[in-house]
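The file data_18.csv contains CSV, C-alpha atoms:
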```csv
chain,number,residue,atom,x,y,z
A,1,LEU,CA,96.1,138.6,82.1
A,2,ARG,CA,93.2,140.7,81.0
A,3,ARG,CA,91.5,137.7,79.3
A,4,ILE,CA,92.0,135.6,82.4
A,5,VAL,CA,90.6,138.3,84.7
A,6,ASP,CA,87.6,138.8,82.3
A,7,LEU,CA,86.9,135.1,82.3
A,8,LYS,CA,87.1,135.0,86.0
A,9,ASN,CA,84.6,137.9,86.3
A,10,THR,CA,82.3,136.1,83.9
A,11,VAL,CA,82.1,132.8,85.6
A,12,CYS,CA,82.3,134.1,89.2
A,13,SER,CA,79.3,136.3,89.1
A,14,GLY,CA,75.7,136.0,90.1
A,15,ALA,CA,75.0,132.9,92.1
A,16,ASP,CA,78.6,131.9,91.7
A,17,LYS,CA,80.1,135.2,92.9
A,18,ASP,CA,81.6,133.5,96.0
A,19,CYS,CA,83.4,130.8,94.0
A,20,GLY,CA,87.2,130.8,93.7
A,21,PHE,CA,89.2,130.8,90.5
A,22,VAL,CA,92.5,128.9,90.1
A,23,VAL,CA,95.0,129.0,87.3
A,24,ILE,CA,97.5,126.2,86.9
A,25,ASN,CA,100.5,126.7,84.5
A,26,GLN,CA,103.2,124.3,83.4
A,27,LYS,CA,105.6,127.2,82.8
A,28,GLY,CA,106.7,130.0,85.1
A,29,ILE,CA,104.6,133.1,86.1
A,30,ASP,CA,106.5,136.3,86.8
A,31,PRO,CA,106.0,138.0,90.1
A,32,MET,CA,104.1,141.0,88.6
A,33,SER,CA,101.6,138.7,87.0
A,34,LEU,CA,101.2,136.8,90.2
A,35,ASP,CA,100.5,140.1,92.0
A,36,VAL,CA,97.9,141.1,89.5
A,37,LEU,CA,96.1,137.7,89.7
A,38,ALA,CA,96.2,137.8,93.5
A,39,LYS,CA,94.5,141.3,93.5
A,40,HIS,CA,91.6,139.8,91.6
A,41,ASN,CA,91.4,136.8,94.0
A,42,ILE,CA,92.8,134.4,91.5
A,43,MET,CA,95.0,131.6,92.8
A,44,ALA,CA,97.9,130.9,90.5
A,45,LEU,CA,100.1,127.8,90.5
A,46,ARG,CA,103.2,127.6,88.4
A,47,ARG,CA,105.6,125.0,87.1
A,48,ALA,CA,103.1,122.1,87.3
A,49,LYS,CA,104.3,118.8,85.9
A,50,ARG,CA,102.9,117.5,82.7
A,51,ARG,CA,101.6,114.3,84.2
A,52,ASN,CA,99.8,116.3,86.9
A,53,MET,CA,98.2,118.5,84.3
A,54,GLU,CA,96.9,115.3,82.6
A,55,ARG,CA,95.6,114.0,85.8
A,56,LEU,CA,93.9,117.3,86.7
A,57,GLN,CA,91.9,117.1,83.5
A,58,LEU,CA,90.7,113.6,84.5
A,59,CYS,CA,90.0,114.7,88.0
A,60,CYS,CA,88.2,118.1,87.5
A,61,GLY,CA,87.3,118.0,83.8
A,62,GLY,CA,88.1,120.8,81.6
A,63,VAL,CA,90.7,121.1,78.8
A,64,ALA,CA,94.3,122.3,79.0
A,65,GLN,CA,94.9,125.4,76.9
A,66,ASN,CA,98.0,126.5,75.0
A,67,SER,CA,96.9,130.1,74.7
A,68,VAL,CA,94.5,132.5,76.1
A,69,GLU,CA,92.8,133.1,72.8
A,70,ASP,CA,90.4,130.2,73.2
A,71,LEU,CA,89.5,130.7,76.9
A,72,THR,CA,85.8,130.0,77.4
A,73,PRO,CA,83.8,128.8,80.4
A,74,ALA,CA,83.4,125.4,78.6
A,75,VAL,CA,87.1,124.6,79.0
A,76,LEU,CA,87.1,125.1,82.8
A,77,GLY,CA,87.2,122.3,85.3
A,78,ARG,CA,85.3,122.2,88.6
A,79,ALA,CA,86.5,121.4,92.1
A,80,GLY,CA,84.9,122.0,95.5
A,81,ALA,CA,88.1,123.0,97.3
A,82,VAL,CA,91.7,123.9,96.3
A,83,TYR,CA,94.1,124.7,99.1
A,84,GLU,CA,97.8,124.4,100.1
A,85,HIS,CA,98.8,122.2,103.0
A,86,ALA,CA,102.3,121.6,104.5
A,87,LEU,CA,103.5,118.1,105.4
A,88,GLY,CA,106.8,118.3,107.1
A,89,GLU,CA,109.1,120.4,105.0
A,90,ASN,CA,107.1,119.9,101.8
A,91,LYS,CA,104.0,121.8,100.6
A,92,TYR,CA,101.2,120.2,98.6
A,93,THR,CA,98.2,121.6,96.8
A,94,TYR,CA,95.0,119.7,97.4
A,95,VAL,CA,92.2,119.6,94.8
A,96,GLU,CA,89.2,118.0,96.4
A,97,GLU,CA,85.4,117.5,96.1
A,98,CYS,CA,85.5,117.0,92.3
A,99,ARG,CA,82.1,116.2,90.7
A,100,ASP,CA,83.1,113.1,88.6
A,101,PRO,CA,86.8,112.3,89.3
A,102,ARG,CA,88.4,109.7,87.1
A,103,SER,CA,91.8,110.2,88.7
A,104,VAL,CA,92.9,110.4,92.3
A,105,THR,CA,96.1,110.7,94.3
A,106,VAL,CA,97.1,108.4,97.1
A,107,LEU,CA,99.3,110.2,99.6
A,108,ILE,CA,101.7,107.8,101.4
A,109,LYS,CA,103.5,108.8,104.6
A,110,GLY,CA,106.2,106.9,106.4
A,111,PRO,CA,109.2,107.3,108.7
A,112,ASN,CA,111.8,106.3,106.1
A,113,GLY,CA,112.2,105.3,102.4
A,114,HIS,CA,112.0,101.6,103.0
A,115,VAL,CA,108.6,101.8,104.7
A,116,LEU,CA,107.4,104.1,102.0
A,117,GLN,CA,108.5,101.6,99.3
A,118,GLN,CA,106.7,98.8,101.1
A,119,ILE,CA,103.5,100.7,101.4
A,120,HIS,CA,103.8,101.8,97.8
A,121,ASP,CA,104.1,98.2,96.6
A,122,ALA,CA,101.2,97.0,98.8
A,123,VAL,CA,98.9,99.8,97.5
A,124,ARG,CA,99.9,99.1,93.9
A,125,ASP,CA,99.4,95.3,94.2
A,126,GLY,CA,96.0,95.8,95.9
A,127,LEU,CA,94.8,98.2,93.2
A,128,ARG,CA,96.0,95.8,90.5
A,129,ALA,CA,94.2,92.9,92.2
A,130,VAL,CA,91.0,94.9,92.2
A,131,LYS,CA,91.5,95.9,88.6
A,132,ASN,CA,92.1,92.2,87.5
A,133,ALA,CA,89.0,91.1,89.4
A,134,ILE,CA,86.8,93.6,87.7
A,135,GLU,CA,88.2,92.8,84.3
A,136,ASP,CA,88.0,89.0,84.8
A,137,GLY,CA,84.5,89.1,86.4
A,138,ALA,CA,85.5,86.1,88.5
A,139,LEU,CA,87.5,85.1,91.5
A,140,VAL,CA,89.0,81.9,92.8
A,141,ALA,CA,89.0,80.7,96.4
A,142,GLY,CA,92.4,81.4,97.9
A,143,ALA,CA,94.4,80.1,101.0
A,144,GLY,CA,95.6,77.1,98.9
A,145,ALA,CA,92.0,75.8,98.4
A,146,PHE,CA,92.3,75.8,94.6
A,147,GLN,CA,95.5,73.8,94.5
A,148,VAL,CA,94.1,71.2,96.8
A,149,ALA,CA,90.8,70.9,94.9
A,150,CYS,CA,92.7,70.8,91.5
A,151,ARG,CA,94.9,67.9,92.8
A,152,GLN,CA,91.8,66.0,94.0
A,153,HIS,CA,90.3,66.4,90.5
A,154,LEU,CA,93.4,65.3,88.6
A,155,LEU,CA,93.9,62.2,90.7
A,156,ARG,CA,90.3,61.0,90.4
A,157,PRO,CA,90.2,57.5,88.8
A,158,GLU,CA,87.5,58.4,86.4
A,159,PHE,CA,89.7,61.2,85.1
A,160,LEU,CA,92.9,59.2,85.0
A,161,HIS,CA,91.2,56.4,83.0
A,162,THR,CA,90.6,58.9,80.2
A,163,VAL,CA,94.4,59.3,79.7
A,164,ARG,CA,96.6,56.5,78.4
A,165,GLY,CA,100.3,55.9,78.5
A,166,LYS,CA,103.1,58.0,80.0
A,167,ALA,CA,100.7,61.0,80.2
A,168,GLN,CA,99.2,59.5,83.4
A,169,MET,CA,102.6,59.8,85.1
A,170,GLY,CA,102.8,63.4,84.0
A,171,ILE,CA,99.4,64.2,85.4
A,172,ARG,CA,100.3,62.5,88.7
A,173,ALA,CA,103.5,64.5,89.0
A,174,PHE,CA,101.7,67.8,88.1
A,175,ALA,CA,99.0,67.1,90.7
A,176,GLU,CA,101.6,66.5,93.4
A,177,ALA,CA,103.5,69.6,92.4
A,178,LEU,CA,100.4,71.7,93.0
A,179,LEU,CA,100.7,71.1,96.7
A,180,VAL,CA,103.9,73.2,96.8
A,181,ILE,CA,101.6,76.3,97.3
A,182,PRO,CA,99.7,75.1,100.4
A,183,LYS,CA,103.0,73.6,101.8
A,184,THR,CA,104.7,77.0,101.4
A,185,ILE,CA,101.7,78.8,103.0
A,186,ALA,CA,101.7,76.5,106.0
A,187,SER,CA,105.5,76.8,106.4
A,188,ASN,CA,105.3,80.6,106.3
A,189,GLY,CA,102.7,80.5,109.0
A,190,GLY,CA,104.9,78.4,111.2
A,191,TYR,CA,102.9,75.2,111.0
A,192,ASP,CA,103.8,71.6,110.0
A,193,PRO,CA,103.1,71.3,106.3
A,194,MET,CA,102.2,67.6,106.4
A,195,ASP,CA,99.7,68.0,109.2
A,196,VAL,CA,98.0,70.9,107.4
A,197,LEU,CA,98.0,68.9,104.1
A,198,VAL,CA,96.3,65.9,105.7
A,199,ALA,CA,93.6,68.2,107.2
A,200,LEU,CA,93.1,69.9,103.8
A,201,GLU,CA,92.8,66.6,101.9
A,202,ASP,CA,90.3,65.2,104.4
A,203,GLU,CA,88.1,68.2,104.0
A,204,ALA,CA,88.4,68.3,100.2
A,205,ARG,CA,87.6,64.6,100.0
A,206,ASP,CA,84.3,65.3,101.8
A,207,GLY,CA,83.5,67.9,99.1
A,208,HIS,CA,84.3,71.0,101.1
A,209,ILE,CA,86.3,74.1,100.0
A,210,ALA,CA,89.3,73.8,102.3
A,211,GLY,CA,91.9,76.5,102.8
A,212,ILE,CA,94.6,77.3,105.4
A,213,ASP,CA,93.9,79.5,108.4
A,214,LEU,CA,97.2,81.2,109.2
A,215,ASN,CA,95.9,82.3,112.6
A,216,THR,CA,95.3,78.9,113.9
A,217,GLY,CA,96.7,76.4,111.4
A,218,ASP,CA,93.2,74.8,111.0
A,219,VAL,CA,91.1,74.5,107.9
A,220,LEU,CA,88.7,77.3,106.9
A,221,ASP,CA,86.4,78.1,104.0
A,222,PRO,CA,88.1,80.9,102.1
A,223,ALA,CA,84.9,82.0,100.5
A,224,GLN,CA,83.3,82.7,103.9
A,225,GLU,CA,86.4,84.5,105.1
A,226,GLY,CA,86.8,86.6,102.0
A,227,ILE,CA,90.1,85.1,100.9
A,228,TRP,CA,90.3,85.2,97.1
A,229,ASP,CA,92.9,84.8,94.3
A,230,ASN,CA,92.8,86.5,90.9
A,231,TYR,CA,91.6,84.2,88.1
A,232,ARG,CA,94.2,85.5,85.6
A,233,VAL,CA,97.0,85.0,88.1
A,234,LEU,CA,96.2,81.3,88.6
A,235,ARG,CA,95.7,80.9,84.9
A,236,GLN,CA,99.1,82.3,84.1
A,237,GLN,CA,100.6,80.2,87.0
A,238,LEU,CA,99.3,77.0,85.5
A,239,HIS,CA,100.4,77.9,82.0
A,240,SER,CA,103.9,79.1,83.0
A,241,CYS,CA,104.7,76.1,85.2
A,242,ALA,CA,103.9,73.7,82.3
A,243,VAL,CA,105.9,75.7,79.8
A,244,ILE,CA,109.0,76.0,82.1
A,245,ALA,CA,108.9,72.3,82.9
A,246,THR,CA,108.7,71.5,79.2
A,247,ASN,CA,111.7,73.8,78.4
A,248,LEU,CA,113.8,72.1,81.2
A,249,LEU,CA,113.0,68.7,79.7
A,250,HIS,CA,114.1,69.9,76.3
A,251,VAL,CA,117.4,71.1,77.8
A,252,ASP,CA,118.0,67.6,79.3
A,253,GLU,CA,117.3,66.0,75.9
A,254,VAL,CA,119.8,68.3,74.2
A,255,MET,CA,122.5,67.6,76.7
A,256,ARG,CA,121.8,63.9,76.5
A,257,ALA,CA,122.1,64.0,72.7
A,258,GLY,CA,125.3,65.9,73.0
A,259,ARG,CA,126.9,63.3,75.2
A,260,ALA,CA,125.8,60.5,72.8
A,261,SER,CA,127.4,62.2,69.8
A,262,ILE,CA,130.9,62.2,71.5
A,263,LYS,CA,132.7,59.1,70.2
A,264,ALA,CA,135.1,57.2,72.5
A,265,PRO,CA,138.7,57.4,71.3
A,266,ASN,CA,140.2,54.2,69.8
A,267,PRO,CA,142.9,52.3,71.7
A,268,GLY,CA,146.3,53.8,70.9
A,269,GLU,CA,144.9,57.2,70.1
A,270,GLU,CA,145.6,60.2,72.3
```

Show the structure stored in the file as structure tokens.
Amino acid sequence: LRRIVDLKNTVCSGADKDCGFVVINQKGIDPMSLDVLAKHNIMALRRAKRRNMERLQLCCGGVAQNSVEDLTPAVLGRAGAVYEHALGENKYTYVEECRDPRSVTVLIKGPNGHVLQQIHDAVRDGLRAVKNAIEDGALVAGAGAFQVACRQHLLRPEFLHTVRGKAQMGIRAFAEALLVIPKTIASNGGYDPMDVLVALEDEARDGHIAGIDLNTGDVLDPAQEGIWDNYRVLRQQLHSCAVIATNLLHVDEVMRAGRASIKAPNPGEE
């Protein structure tokens, strides 16, 4: 306690004499020690979780200490405000106004567990989408525009002429399968999939970027409306669908070979 109080008196002096001092401990703190710290205007928090201690170091800076022997001003973190706030029946400690935070907390509130889980999933998916976009350095037009444009490209005669044999049939089937995405988007929006697809193909044939407007069922430019897909998601989608289709065809071949190996019984044999 004496070392903690001495450190507090050292850093909270001169121009910083009005600054507060907070001690956060993963273990417990006995009532007598809490009383001593409170008398010296030191806020003490006990039984902090390990993951919160790791996040505090990223948020405020500083280094967690295992003993008081190495306490120096260099190992301290900085925050503009630390206070306790009650939300319902629970109390939370807020650490705000950090200089260079590399970790933050998103507080989610809702009327029940189901709503909280839905909000949690939405926030997580949104953050991951932003992370993927930053790492990829690229985005792809959404609202079904990529699938329509990709189909148009695969069915171009100049492209099909570069492929010979049965592979052309596979390319045509793959191109048509891409339309499942815009069809599903249109159906989820309550619009007729065929009408939407015709409008999309007409716009794409004219060289425009064509996506589905779920508010009206018309065609829109997803780039102008800010509707984007992650590049890595579409890349994985195209790779996975080809691999899954190939595996299914292999299963069919194995079953067909198994039937062919079964010999018909000779007449008179049971």

Interatomic distance (Å, one decimal) between atom CA of A:Cys150 and atom CA of A:Asp206: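 Those two atoms sit 14.4 Å apart.
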
Shell of 9 Å around A:Val5, all atoms listed in the file, local chain residues under 6 positions omitted, as a list in words: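 The residues that qualify are Leu37, His40 and Ile42 of chain A.
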
Could you write out that same residue set with C-alpha atoms as a compact mmCIF listing (two decimals), in the frame of the given file?
```txt
# COMPACT_ATOMS: atom_id res chain seq x y z
CA LEU A 37 96.10 137.70 89.70
CA HIS A 40 91.60 139.80 91.60
CA ILE A 42 92.80 134.40 91.50
```

Contacts of stretch 236-239 of chain A within 12 Å, all atoms listed in the file, excl. fewer than 2 positions in-chain, as number ranges by chain: A: 146-147, 150, 174-175, 177-178, 181, 229-234, 241-246

Computed interatomic separation between atom CA of A:Gly144 and atom CA of A:Val115 (Å): 28.5 Å

Long-range neighbours of A:Val219 as a count of residues only, 7 Å cut-off, all atoms listed in the file, 5 positions minimum in chain: 6

Separation of atom CA of A:Asn90 from atom CA of A:Val23 in Å: 21.0 Å

Spatial neighbours of stretch 1-3 of chain A, 9 Å, all atoms listed in the file, chain gap at least 3 places, as a list in words: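 Here the answer would be Asp6, Leu7, Lys8, Ser33, Val36, Leu37, Val68, Glu69 and Leu71 of chain A.
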
Residues within 9 Å of stretch 92-104 of chain A, only C-alpha atoms, excluding chain neighbours under 5 positions, as a PyMOL selection string: chain A and resi 55-61+77-87

Go ahead and save the picked residues with C-alpha atoms, as a PDB file, keeping the file's coordinate frame.
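Writing done, so here's result_31.pdb:
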```
ATOM      1  CA  ARG A  55      95.600 114.000  85.800  1.00  0.00           C
ATOM      2  CA  LEU A  56      93.900 117.300  86.700  1.00  0.00           C
ATOM      3  CA  GLN A  57      91.900 117.100  83.500  1.00  0.00           C
ATOM      4  CA  LEU A  58      90.700 113.600  84.500  1.00  0.00           C
ATOM      5  CA  CYS A  59      90.000 114.700  88.000  1.00  0.00           C
ATOM      6  CA  CYS A  60      88.200 118.100  87.500  1.00  0.00           C
ATOM      7  CA  GLY A  61      87.300 118.000  83.800  1.00  0.00           C
ATOM      8  CA  GLY A  77      87.200 122.300  85.300  1.00  0.00           C
ATOM      9  CA  ARG A  78      85.300 122.200  88.600  1.00  0.00           C
ATOM     10  CA  ALA A  79      86.500 121.400  92.100  1.00  0.00           C
ATOM     11  CA  GLY A  80      84.900 122.000  95.500  1.00  0.00           C
ATOM     12  CA  ALA A  81      88.100 123.000  97.300  1.00  0.00           C
ATOM     13  CA  VAL A  82      91.700 123.900  96.300  1.00  0.00           C
ATOM     14  CA  TYR A  83      94.100 124.700  99.100  1.00  0.00           C
ATOM     15  CA  GLU A  84      97.800 124.400 100.100  1.00  0.00           C
ATOM     16  CA  HIS A  85      98.800 122.200 103.000  1.00  0.00           C
ATOM     17  CA  ALA A  86     102.300 121.600 104.500  1.00  0.00           C
ATOM     18  CA  LEU A  87     103.500 118.100 105.400  1.00  0.00           C
TER      19      LEU A  87
END
```

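Comparing the minimum interatomic distances between A:Ile171 and each of A:Ile209, A:Leu154, A:Val251, A:Val22, counting only C-alpha atoms, we find that A:Leu154 sits nearest.
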
Residue with smallest distance to A:Cys19 - pool A:Leu116, A:Met43, A:Ile4, A:Val180, counting all atoms listed in the file: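 Among A:Leu116, A:Met43, A:Ile4, A:Val180, it is A:Met43 that comes nearest to A:Cys19.
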
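Here the question is which of A:Val148, A:His153, A:Arg164, A:Gly226 gets nearest to A:Lys183 using all atoms listed in the file, and that residue is A:Val148.
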
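Taking only C-alpha atoms into account, A:Thr10 lies nearest to A:Pro73 out of the set A:Ile29, A:Pro73, A:Pro157, A:Ala141.
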
Minimum-distance residue to A:Ser67, chosen among A:Pro182, A:His161, A:Asn25, A:His208 (using only C-alpha atoms):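 Closest to A:Ser67, using only C-alpha atoms: A:Asn25.
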
Minimum-distance residue to A:Ala74, chosen among A:Pro193, A:Cys12, A:Gly62, A:Gly113 (using all atoms listed in the file): A:Gly62

Around stretch 231-249 of chain A, fit a box with edges along x, y and z, padding it by 8 Å on each side, then list its centre and edge lengths in Å to one decimal as AutoDock Vina command-line options.
```
--center_x 102.7 --center_y 77.1 --center_z 83.5 --size_x 38.2 --size_y 32.8 --size_z 26.2
```

What would stretch 72-83 of chain A look like with all heavy atoms restored, written as a CSV table (one decimal), in the frame of the given file?
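Saved to rebuild16.csv:
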```csv
chain,number,residue,atom,x,y,z
A,72,THR,N,87.2,129.9,77.3
A,72,THR,CA,85.8,130.0,77.4
A,72,THR,C,85.4,129.3,78.7
A,72,THR,O,86.1,128.4,79.1
A,72,THR,CB,85.0,129.4,76.2
A,72,THR,OG1,85.3,128.0,76.1
A,72,THR,CG2,85.4,130.2,74.9
A,73,PRO,N,84.2,129.5,79.2
A,73,PRO,CA,83.8,128.8,80.4
A,73,PRO,C,83.7,127.3,80.1
A,73,PRO,O,83.8,126.5,81.1
A,73,PRO,CB,82.4,129.4,80.7
A,73,PRO,CG,82.4,130.8,80.1
A,73,PRO,CD,83.3,130.7,78.9
A,74,ALA,N,83.5,126.9,78.9
A,74,ALA,CA,83.4,125.4,78.6
A,74,ALA,C,84.7,124.6,78.8
A,74,ALA,O,84.6,123.4,79.0
A,74,ALA,CB,82.9,125.2,77.1
A,75,VAL,N,85.8,125.3,78.8
A,75,VAL,CA,87.1,124.6,79.0
A,75,VAL,C,87.5,124.5,80.4
A,75,VAL,O,88.6,124.0,80.7
A,75,VAL,CB,88.2,125.3,78.2
A,75,VAL,CG1,87.8,125.3,76.7
A,75,VAL,CG2,88.5,126.7,78.7
A,76,LEU,N,86.7,125.1,81.3
A,76,LEU,CA,87.1,125.1,82.8
A,76,LEU,C,86.7,123.8,83.5
A,76,LEU,O,85.7,123.2,83.1
A,76,LEU,CB,86.4,126.3,83.5
A,76,LEU,CG,86.8,127.7,82.9
A,76,LEU,CD1,86.0,128.7,83.7
A,76,LEU,CD2,88.3,127.9,83.0
A,77,GLY,N,87.5,123.4,84.4
A,77,GLY,CA,87.2,122.3,85.3
A,77,GLY,C,86.5,122.7,86.6
A,77,GLY,O,86.5,123.9,86.8
A,78,ARG,N,86.0,121.8,87.4
A,78,ARG,CA,85.3,122.2,88.6
A,78,ARG,C,85.9,121.4,89.7
A,78,ARG,O,86.1,120.2,89.6
A,78,ARG,CB,83.8,121.9,88.4
A,78,ARG,CG,83.1,122.6,87.3
A,78,ARG,CD,83.0,124.1,87.7
A,78,ARG,NE,82.1,124.8,86.7
A,78,ARG,CZ,82.6,125.3,85.5
A,78,ARG,NH1,83.9,125.2,85.2
A,78,ARG,NH2,81.8,126.0,84.7
A,79,ALA,N,86.0,122.0,90.9
A,79,ALA,CA,86.5,121.4,92.1
A,79,ALA,C,85.8,122.1,93.3
A,79,ALA,O,85.6,123.3,93.2
A,79,ALA,CB,88.0,121.4,92.2
A,80,GLY,N,85.5,121.4,94.4
A,80,GLY,CA,84.9,122.0,95.5
A,80,GLY,C,85.9,122.8,96.4
A,80,GLY,O,85.5,123.8,97.0
A,81,ALA,N,87.1,122.4,96.4
A,81,ALA,CA,88.1,123.0,97.3
A,81,ALA,C,89.5,122.9,96.7
A,81,ALA,O,89.9,121.8,96.3
A,81,ALA,CB,88.0,122.5,98.7
A,82,VAL,N,90.3,123.9,96.7
A,82,VAL,CA,91.7,123.9,96.3
A,82,VAL,C,92.4,124.7,97.4
A,82,VAL,O,92.2,125.9,97.6
A,82,VAL,CB,91.9,124.6,94.9
A,82,VAL,CG1,93.4,124.5,94.6
A,82,VAL,CG2,91.1,123.8,93.9
A,83,TYR,N,93.4,124.0,98.0
A,83,TYR,CA,94.1,124.7,99.1
A,83,TYR,C,95.5,124.1,99.2
A,83,TYR,O,95.8,123.0,98.7
A,83,TYR,CB,93.4,124.6,100.4
A,83,TYR,CG,93.2,123.2,100.9
A,83,TYR,CD1,94.1,122.6,101.8
A,83,TYR,CD2,92.1,122.5,100.5
A,83,TYR,CE1,93.9,121.3,102.2
A,83,TYR,CE2,91.9,121.2,100.9
A,83,TYR,CZ,92.8,120.6,101.8
A,83,TYR,OH,92.6,119.3,102.2
```
